[in-house]
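Engineer: Submitted below is the structure of interest, expressed as structure tokens.
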Amino acid sequence: MREPAPSVPRGRHAPPPEVRHSRQRERLLTAAARVFARQGYADGSAEGIAREAGMSKATFYEHFANKERCILALWDHAAELILTAMRDAAREAGDDPAERIRAGTRAFLRTLAGHPDEARTLLVQIIGAGPEAIRRRDGIVQAFAEVLDQENARAAASGEFPRFGSRHDAVAVVGAIVELASRQVRLGEPPDVRELEPVIERLIFGLAAQSA
């Protein structure tokens, strides 16, 4: 999830090779998100991504072995961006457990809303990208669940919030959130993904309350 990368100057004003390489990669990943969101993973191609980025197919292959490696790179970057946004939002919310959870939820939904092409690619198209993509998806669900479980443990230790009933509770909540967000991307229900915030809060707080 990213803003469009600036074009790379040429000639004597050209940046160092490592900077040029990084900017090319940024442009290719942004283009890949658009292509996969518009055409689907199966119909997207290295040539189409390169064309969308205004680059040659040879340049694409300098960065990625194939379109699968490209979508995996996009996934890894986006997952880290979302996790960082959620952690930062929780930290800025202070010590109140409920506010930290609400802040993390808002950060997650706000990031999805601000990057619709990437959201569609990562929530929907990643499913068809092969076994490694599924492993990455399972891994990030587990990572999100661990963040949520840590927040729950922190709140329970302070006596202000019930502890989840088992280690599977956080995974169940995150799985439900991913499906809710995926459904919103596919069907447009609700019209804005940020409208899911109260639903997600009820999931988290309701499951914790049942564990009390």
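Chain identifiers are assigned as A, B, and so on, following the order in which chains appear in the structure tokens; residues are numbered from 1 within each chain, and ligands are numbered from 1 in order of appearance.
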Write out, as CSV, each residue of range 111-204 of chain A that has an atom at most 9 Å from range 58-74 of chain A, together with the closest pair of atoms and their distance in Å to one decimal, counting only C-alpha atoms, rows going by chain and rising number.
Structural biologist:
residue,atom,partner,partner_atom,distance
A:Glu118,CA,A:Leu74,CA,8.2
A:Thr121,CA,A:Ile71,CA,8.3
A:Leu122,CA,A:Leu74,CA,8.2
A:Ile126,CA,A:Ile71,CA,7.5
A:Ala129,CA,A:Glu68,CA,6.3
A:Gly130,CA,A:Glu68,CA,7.8
A:Glu132,CA,A:Leu72,CA,8.2
A:Ala133,CA,A:Leu72,CA,6.4
A:Arg136,CA,A:Leu72,CA,7.9
Engineer: Please save N, CA and C atoms of the selected residues as a tab-separated table (two decimals), in the first residue's frame.
Structural biologist:
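part_7.tsv was written with the following content:
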chain	number	residue	atom	x	y	z
A	118	GLU	N	-4.86	-2.06	-3.56
A	118	GLU	CA	-4.09	-2.99	-2.75
A	118	GLU	C	-5.01	-3.84	-1.87
A	121	THR	N	-6.46	-6.57	-4.02
A	121	THR	CA	-5.43	-7.54	-4.36
A	121	THR	C	-5.13	-8.45	-3.18
A	122	LEU	N	-4.98	-7.86	-2.01
A	122	LEU	CA	-4.51	-8.62	-0.86
A	122	LEU	C	-5.61	-9.37	-0.13
A	126	ILE	N	-5.21	-12.57	-3.64
A	126	ILE	CA	-4.12	-13.37	-3.08
A	126	ILE	C	-4.51	-14.84	-2.97
A	129	ALA	N	-3.15	-17.05	-5.77
A	129	ALA	CA	-1.75	-16.85	-6.14
A	129	ALA	C	-0.85	-18.02	-5.76
A	130	GLY	N	-1.41	-19.16	-5.37
A	130	GLY	CA	-0.60	-20.35	-5.14
A	130	GLY	C	-0.36	-20.65	-3.67
A	132	GLU	N	2.32	-20.72	-1.73
A	132	GLU	CA	3.14	-19.82	-0.92
A	132	GLU	C	2.33	-18.61	-0.48
A	133	ALA	N	1.46	-18.12	-1.36
A	133	ALA	CA	0.61	-16.99	-1.01
A	133	ALA	C	-0.33	-17.36	0.14
A	136	ARG	N	1.62	-17.28	3.29
A	136	ARG	CA	1.84	-15.91	3.75
A	136	ARG	C	0.56	-15.36	4.39
Engineer: Hey, what's within 8 Å of Ala89 in chain A if we count only C-alpha atoms and toss same-chain stuff fewer than 2 positions away? As number ranges by chain, please?
Structural biologist: A: 85-87, 91-93, 100, 103-104, 107
Engineer: Mind checking which residues fall within 7 Å of Arg194 in chain A, counting only C-alpha atoms, ignoring those fewer than 6 positions away in the same chain, and posting them as a ChimeraX atom specification?
Structural biologist: /A:109-110,113
Engineer: The selected residues should be written to file as a PDB file, in the first residue's frame (atoms: N, CA and C atoms).
Structural biologist:
ATOM      1  N   LEU A 109      -8.738  -0.254   9.267  1.00  0.00           N
ATOM      2  CA  LEU A 109      -9.781   0.073   8.299  1.00  0.00           C
ATOM      3  C   LEU A 109      -9.426   1.311   7.486  1.00  0.00           C
ATOM      4  N   ARG A 110      -8.807   2.286   8.115  1.00  0.00           N
ATOM      5  CA  ARG A 110      -8.407   3.504   7.411  1.00  0.00           C
ATOM      6  C   ARG A 110      -7.359   3.193   6.337  1.00  0.00           C
ATOM      7  N   ALA A 113      -9.165   1.555   3.424  1.00  0.00           N
ATOM      8  CA  ALA A 113      -9.974   2.537   2.690  1.00  0.00           C
ATOM      9  C   ALA A 113      -9.111   3.443   1.820  1.00  0.00           C
TER      10      ALA A 113
END
Engineer: Show which residues sit within 9 Å of Gly128 in chain A, as number ranges by chain. Count only C-alpha atoms, and ignore same-chain residues fewer than 6 positions away.
Structural biologist: A: 40-42, 134
Engineer: Output C-alpha atoms for every residue in that selection, as a PDB file, in the first residue's frame.
Structural biologist:
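Contents of part.pdb, as written:
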ATOM      1  CA  GLY A  40      -7.583 -10.473 -11.275  1.00  0.00           C
ATOM      2  CA  TYR A  41      -4.447 -12.413 -10.470  1.00  0.00           C
ATOM      3  CA  ALA A  42      -5.044 -15.094 -13.106  1.00  0.00           C
ATOM      4  CA  ILE A 134      -1.738 -19.008   1.188  1.00  0.00           C
TER       5      ILE A 134
END
Engineer: If we count only C-alpha atoms and set the cut-off at 10 Å, which residues sit around Ala170 in chain A, ignoring sequence neighbours fewer than 3 positions away in its own chain? Please answer as a count of residues only.
Structural biologist: 21
Engineer: I'd like the interatomic distance between CA of Glu197 in chain A and CA of Leu123 in chain A, to a tenth of an Å.
Structural biologist: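 Separation between CA of Glu197 in chain A and CA of Leu123 in chain A: 17.2 Å.
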Engineer: Write out as a PyMOL selection string which residues come within 9 Å of Glu160 in chain A when counting only C-alpha atoms, dropping same-chain ones fewer than 6 positions away.
Structural biologist: chain A and resi 96-98
Engineer: As a PDB file with N, CA and C atoms, in the first residue's frame, please: every residue in range 128-195 of chain A that DSSP puts in helix (DSSP H, G or I).
Structural biologist:
ATOM      1  N   GLY A 128      -5.803 -16.789  -5.088  1.00  0.00           N
ATOM      2  CA  GLY A 128      -5.473 -17.567  -6.286  1.00  0.00           C
ATOM      3  C   GLY A 128      -4.012 -17.542  -6.666  1.00  0.00           C
ATOM      4  N   PRO A 131       0.270 -21.811  -3.413  1.00  0.00           N
ATOM      5  CA  PRO A 131       0.473 -22.285  -2.034  1.00  0.00           C
ATOM      6  C   PRO A 131       1.296 -21.335  -1.164  1.00  0.00           C
ATOM      7  N   GLU A 132       2.324 -20.724  -1.725  1.00  0.00           N
ATOM      8  CA  GLU A 132       3.142 -19.822  -0.922  1.00  0.00           C
ATOM      9  C   GLU A 132       2.333 -18.610  -0.481  1.00  0.00           C
ATOM     10  N   ALA A 133       1.458 -18.122  -1.364  1.00  0.00           N
ATOM     11  CA  ALA A 133       0.607 -16.987  -1.010  1.00  0.00           C
ATOM     12  C   ALA A 133      -0.330 -17.357   0.136  1.00  0.00           C
ATOM     13  N   ILE A 134      -0.862 -18.566   0.110  1.00  0.00           N
ATOM     14  CA  ILE A 134      -1.738 -19.008   1.188  1.00  0.00           C
ATOM     15  C   ILE A 134      -0.965 -19.105   2.502  1.00  0.00           C
ATOM     16  N   ARG A 135       0.278 -19.581   2.424  1.00  0.00           N
ATOM     17  CA  ARG A 135       1.097 -19.641   3.643  1.00  0.00           C
ATOM     18  C   ARG A 135       1.354 -18.238   4.190  1.00  0.00           C
ATOM     19  N   ARG A 136       1.616 -17.282   3.292  1.00  0.00           N
ATOM     20  CA  ARG A 136       1.835 -15.907   3.747  1.00  0.00           C
ATOM     21  C   ARG A 136       0.556 -15.362   4.386  1.00  0.00           C
ATOM     22  N   ARG A 137      -0.579 -15.666   3.770  1.00  0.00           N
ATOM     23  CA  ARG A 137      -1.856 -15.189   4.308  1.00  0.00           C
ATOM     24  C   ARG A 137      -2.092 -15.761   5.700  1.00  0.00           C
ATOM     25  N   ASP A 138      -1.852 -17.069   5.851  1.00  0.00           N
ATOM     26  CA  ASP A 138      -2.010 -17.694   7.173  1.00  0.00           C
ATOM     27  C   ASP A 138      -1.055 -17.058   8.179  1.00  0.00           C
ATOM     28  N   GLY A 139       0.143 -16.750   7.716  1.00  0.00           N
ATOM     29  CA  GLY A 139       1.129 -16.150   8.609  1.00  0.00           C
ATOM     30  C   GLY A 139       0.713 -14.782   9.107  1.00  0.00           C
ATOM     31  N   ILE A 140       0.147 -13.971   8.226  1.00  0.00           N
ATOM     32  CA  ILE A 140      -0.234 -12.624   8.661  1.00  0.00           C
ATOM     33  C   ILE A 140      -1.479 -12.675   9.540  1.00  0.00           C
ATOM     34  N   VAL A 141      -2.380 -13.611   9.283  1.00  0.00           N
ATOM     35  CA  VAL A 141      -3.519 -13.787  10.195  1.00  0.00           C
ATOM     36  C   VAL A 141      -3.003 -14.116  11.594  1.00  0.00           C
ATOM     37  N   GLN A 142      -2.005 -14.994  11.665  1.00  0.00           N
ATOM     38  CA  GLN A 142      -1.429 -15.349  12.957  1.00  0.00           C
ATOM     39  C   GLN A 142      -0.748 -14.145  13.600  1.00  0.00           C
ATOM     40  N   ALA A 143      -0.042 -13.339  12.785  1.00  0.00           N
ATOM     41  CA  ALA A 143       0.639 -12.155  13.324  1.00  0.00           C
ATOM     42  C   ALA A 143      -0.362 -11.147  13.877  1.00  0.00           C
ATOM     43  N   PHE A 144      -1.459 -10.922  13.143  1.00  0.00           N
ATOM     44  CA  PHE A 144      -2.504 -10.017  13.631  1.00  0.00           C
ATOM     45  C   PHE A 144      -3.120 -10.572  14.914  1.00  0.00           C
ATOM     46  N   ALA A 145      -3.341 -11.879  14.941  1.00  0.00           N
ATOM     47  CA  ALA A 145      -3.931 -12.497  16.127  1.00  0.00           C
ATOM     48  C   ALA A 145      -3.016 -12.330  17.341  1.00  0.00           C
ATOM     49  N   GLU A 146      -1.712 -12.435  17.123  1.00  0.00           N
ATOM     50  CA  GLU A 146      -0.772 -12.269  18.229  1.00  0.00           C
ATOM     51  C   GLU A 146      -0.792 -10.846  18.775  1.00  0.00           C
ATOM     52  N   VAL A 147      -0.923  -9.867  17.864  1.00  0.00           N
ATOM     53  CA  VAL A 147      -1.030  -8.474  18.309  1.00  0.00           C
ATOM     54  C   VAL A 147      -2.289  -8.294  19.157  1.00  0.00           C
ATOM     55  N   LEU A 148      -3.406  -8.831  18.672  1.00  0.00           N
ATOM     56  CA  LEU A 148      -4.665  -8.702  19.412  1.00  0.00           C
ATOM     57  C   LEU A 148      -4.580  -9.414  20.751  1.00  0.00           C
ATOM     58  N   ASP A 149      -3.982 -10.609  20.768  1.00  0.00           N
ATOM     59  CA  ASP A 149      -3.866 -11.355  22.014  1.00  0.00           C
ATOM     60  C   ASP A 149      -2.976 -10.620  23.016  1.00  0.00           C
ATOM     61  N   GLN A 150      -1.917  -9.989  22.538  1.00  0.00           N
ATOM     62  CA  GLN A 150      -1.043  -9.206  23.415  1.00  0.00           C
ATOM     63  C   GLN A 150      -1.793  -8.028  24.030  1.00  0.00           C
ATOM     64  N   GLU A 151      -2.611  -7.373  23.207  1.00  0.00           N
ATOM     65  CA  GLU A 151      -3.412  -6.264  23.727  1.00  0.00           C
ATOM     66  C   GLU A 151      -4.413  -6.762  24.766  1.00  0.00           C
ATOM     67  N   ASN A 152      -5.017  -7.916  24.507  1.00  0.00           N
ATOM     68  CA  ASN A 152      -5.967  -8.480  25.453  1.00  0.00           C
ATOM     69  C   ASN A 152      -5.283  -8.864  26.760  1.00  0.00           C
ATOM     70  N   ALA A 153      -4.095  -9.473  26.656  1.00  0.00           N
ATOM     71  CA  ALA A 153      -3.352  -9.855  27.852  1.00  0.00           C
ATOM     72  C   ALA A 153      -2.967  -8.622  28.664  1.00  0.00           C
ATOM     73  N   ARG A 154      -2.568  -7.575  27.965  1.00  0.00           N
ATOM     74  CA  ARG A 154      -2.208  -6.313  28.635  1.00  0.00           C
ATOM     75  C   ARG A 154      -3.404  -5.758  29.404  1.00  0.00           C
ATOM     76  N   ALA A 155      -4.566  -5.779  28.746  1.00  0.00           N
ATOM     77  CA  ALA A 155      -5.775  -5.254  29.384  1.00  0.00           C
ATOM     78  C   ALA A 155      -6.205  -6.123  30.556  1.00  0.00           C
ATOM     79  N   ALA A 156      -6.101  -7.450  30.381  1.00  0.00           N
ATOM     80  CA  ALA A 156      -6.513  -8.352  31.457  1.00  0.00           C
ATOM     81  C   ALA A 156      -5.603  -8.218  32.668  1.00  0.00           C
ATOM     82  N   ALA A 157      -4.318  -7.978  32.436  1.00  0.00           N
ATOM     83  CA  ALA A 157      -3.373  -7.838  33.547  1.00  0.00           C
ATOM     84  C   ALA A 157      -3.682  -6.622  34.401  1.00  0.00           C
ATOM     85  N   HIS A 168      -7.078 -19.568  20.791  1.00  0.00           N
ATOM     86  CA  HIS A 168      -7.746 -19.560  19.490  1.00  0.00           C
ATOM     87  C   HIS A 168      -8.713 -18.388  19.331  1.00  0.00           C
ATOM     88  N   ASP A 169      -9.057 -17.740  20.427  1.00  0.00           N
ATOM     89  CA  ASP A 169     -10.049 -16.667  20.356  1.00  0.00           C
ATOM     90  C   ASP A 169      -9.582 -15.518  19.458  1.00  0.00           C
ATOM     91  N   ALA A 170      -8.327 -15.110  19.635  1.00  0.00           N
ATOM     92  CA  ALA A 170      -7.815 -14.006  18.828  1.00  0.00           C
ATOM     93  C   ALA A 170      -7.774 -14.384  17.353  1.00  0.00           C
ATOM     94  N   VAL A 171      -7.422 -15.641  17.047  1.00  0.00           N
ATOM     95  CA  VAL A 171      -7.414 -16.095  15.658  1.00  0.00           C
ATOM     96  C   VAL A 171      -8.826 -16.057  15.082  1.00  0.00           C
ATOM     97  N   ALA A 172      -9.806 -16.459  15.887  1.00  0.00           N
ATOM     98  CA  ALA A 172     -11.198 -16.434  15.428  1.00  0.00           C
ATOM     99  C   ALA A 172     -11.641 -15.017  15.106  1.00  0.00           C
ATOM    100  N   VAL A 173     -11.282 -14.068  15.961  1.00  0.00           N
ATOM    101  CA  VAL A 173     -11.657 -12.673  15.724  1.00  0.00           C
ATOM    102  C   VAL A 173     -11.001 -12.149  14.454  1.00  0.00           C
ATOM    103  N   VAL A 174      -9.698 -12.394  14.301  1.00  0.00           N
ATOM    104  CA  VAL A 174      -8.991 -11.891  13.124  1.00  0.00           C
ATOM    105  C   VAL A 174      -9.532 -12.546  11.850  1.00  0.00           C
ATOM    106  N   GLY A 175      -9.814 -13.844  11.902  1.00  0.00           N
ATOM    107  CA  GLY A 175     -10.398 -14.504  10.739  1.00  0.00           C
ATOM    108  C   GLY A 175     -11.721 -13.876  10.342  1.00  0.00           C
ATOM    109  N   ALA A 176     -12.542 -13.557  11.326  1.00  0.00           N
ATOM    110  CA  ALA A 176     -13.826 -12.907  11.044  1.00  0.00           C
ATOM    111  C   ALA A 176     -13.619 -11.518  10.457  1.00  0.00           C
ATOM    112  N   ILE A 177     -12.647 -10.779  10.982  1.00  0.00           N
ATOM    113  CA  ILE A 177     -12.378  -9.436  10.468  1.00  0.00           C
ATOM    114  C   ILE A 177     -11.914  -9.498   9.018  1.00  0.00           C
ATOM    115  N   VAL A 178     -11.027 -10.436   8.711  1.00  0.00           N
ATOM    116  CA  VAL A 178     -10.532 -10.577   7.338  1.00  0.00           C
ATOM    117  C   VAL A 178     -11.678 -10.897   6.387  1.00  0.00           C
ATOM    118  N   GLU A 179     -12.571 -11.777   6.802  1.00  0.00           N
ATOM    119  CA  GLU A 179     -13.706 -12.126   5.942  1.00  0.00           C
ATOM    120  C   GLU A 179     -14.657 -10.947   5.779  1.00  0.00           C
ATOM    121  N   LEU A 180     -14.902 -10.202   6.840  1.00  0.00           N
ATOM    122  CA  LEU A 180     -15.751  -9.016   6.741  1.00  0.00           C
ATOM    123  C   LEU A 180     -15.166  -8.009   5.752  1.00  0.00           C
ATOM    124  N   ALA A 181     -13.853  -7.768   5.865  1.00  0.00           N
ATOM    125  CA  ALA A 181     -13.201  -6.810   4.969  1.00  0.00           C
ATOM    126  C   ALA A 181     -13.189  -7.319   3.538  1.00  0.00           C
ATOM    127  N   SER A 182     -12.935  -8.619   3.366  1.00  0.00           N
ATOM    128  CA  SER A 182     -12.937  -9.204   2.023  1.00  0.00           C
ATOM    129  C   SER A 182     -14.320  -9.103   1.386  1.00  0.00           C
ATOM    130  N   ARG A 183     -15.339  -9.377   2.167  1.00  0.00           N
ATOM    131  CA  ARG A 183     -16.706  -9.280   1.655  1.00  0.00           C
ATOM    132  C   ARG A 183     -17.029  -7.854   1.251  1.00  0.00           C
ATOM    133  N   GLN A 184     -16.571  -6.886   2.053  1.00  0.00           N
ATOM    134  CA  GLN A 184     -16.828  -5.490   1.703  1.00  0.00           C
ATOM    135  C   GLN A 184     -16.160  -5.129   0.375  1.00  0.00           C
ATOM    136  N   VAL A 185     -14.942  -5.607   0.175  1.00  0.00           N
ATOM    137  CA  VAL A 185     -14.225  -5.333  -1.070  1.00  0.00           C
ATOM    138  C   VAL A 185     -14.934  -5.979  -2.265  1.00  0.00           C
ATOM    139  N   ARG A 186     -15.389  -7.210  -2.085  1.00  0.00           N
ATOM    140  CA  ARG A 186     -16.030  -7.940  -3.189  1.00  0.00           C
ATOM    141  C   ARG A 186     -17.411  -7.400  -3.521  1.00  0.00           C
ATOM    142  N   LEU A 187     -18.196  -7.109  -2.497  1.00  0.00           N
ATOM    143  CA  LEU A 187     -19.613  -6.790  -2.700  1.00  0.00           C
ATOM    144  C   LEU A 187     -19.969  -5.329  -2.452  1.00  0.00           C
ATOM    145  N   VAL A 193     -15.572   0.604   3.887  1.00  0.00           N
ATOM    146  CA  VAL A 193     -15.039  -0.407   4.797  1.00  0.00           C
ATOM    147  C   VAL A 193     -14.929   0.112   6.227  1.00  0.00           C
ATOM    148  N   ARG A 194     -14.793   1.419   6.401  1.00  0.00           N
ATOM    149  CA  ARG A 194     -14.682   1.982   7.746  1.00  0.00           C
ATOM    150  C   ARG A 194     -15.966   1.837   8.549  1.00  0.00           C
ATOM    151  N   GLU A 195     -17.082   1.568   7.867  1.00  0.00           N
ATOM    152  CA  GLU A 195     -18.340   1.339   8.572  1.00  0.00           C
ATOM    153  C   GLU A 195     -18.333   0.027   9.346  1.00  0.00           C
TER     154      GLU A 195
END
Engineer: Could you please determine the separation between CA of Gly48 in chain A and CA of Ser22 in chain A in Å, to one decimal place?
Structural biologist: 19.9 Å
Engineer: Using only C-alpha atoms, pick whichever of A:Asp95, A:Ile101, A:Val19, A:Leu112 has the shortest atom-to-atom distance to Leu81 in chain A.
Structural biologist: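 Ranked by minimum distance to Leu81 in chain A, first place goes to A:Leu112.
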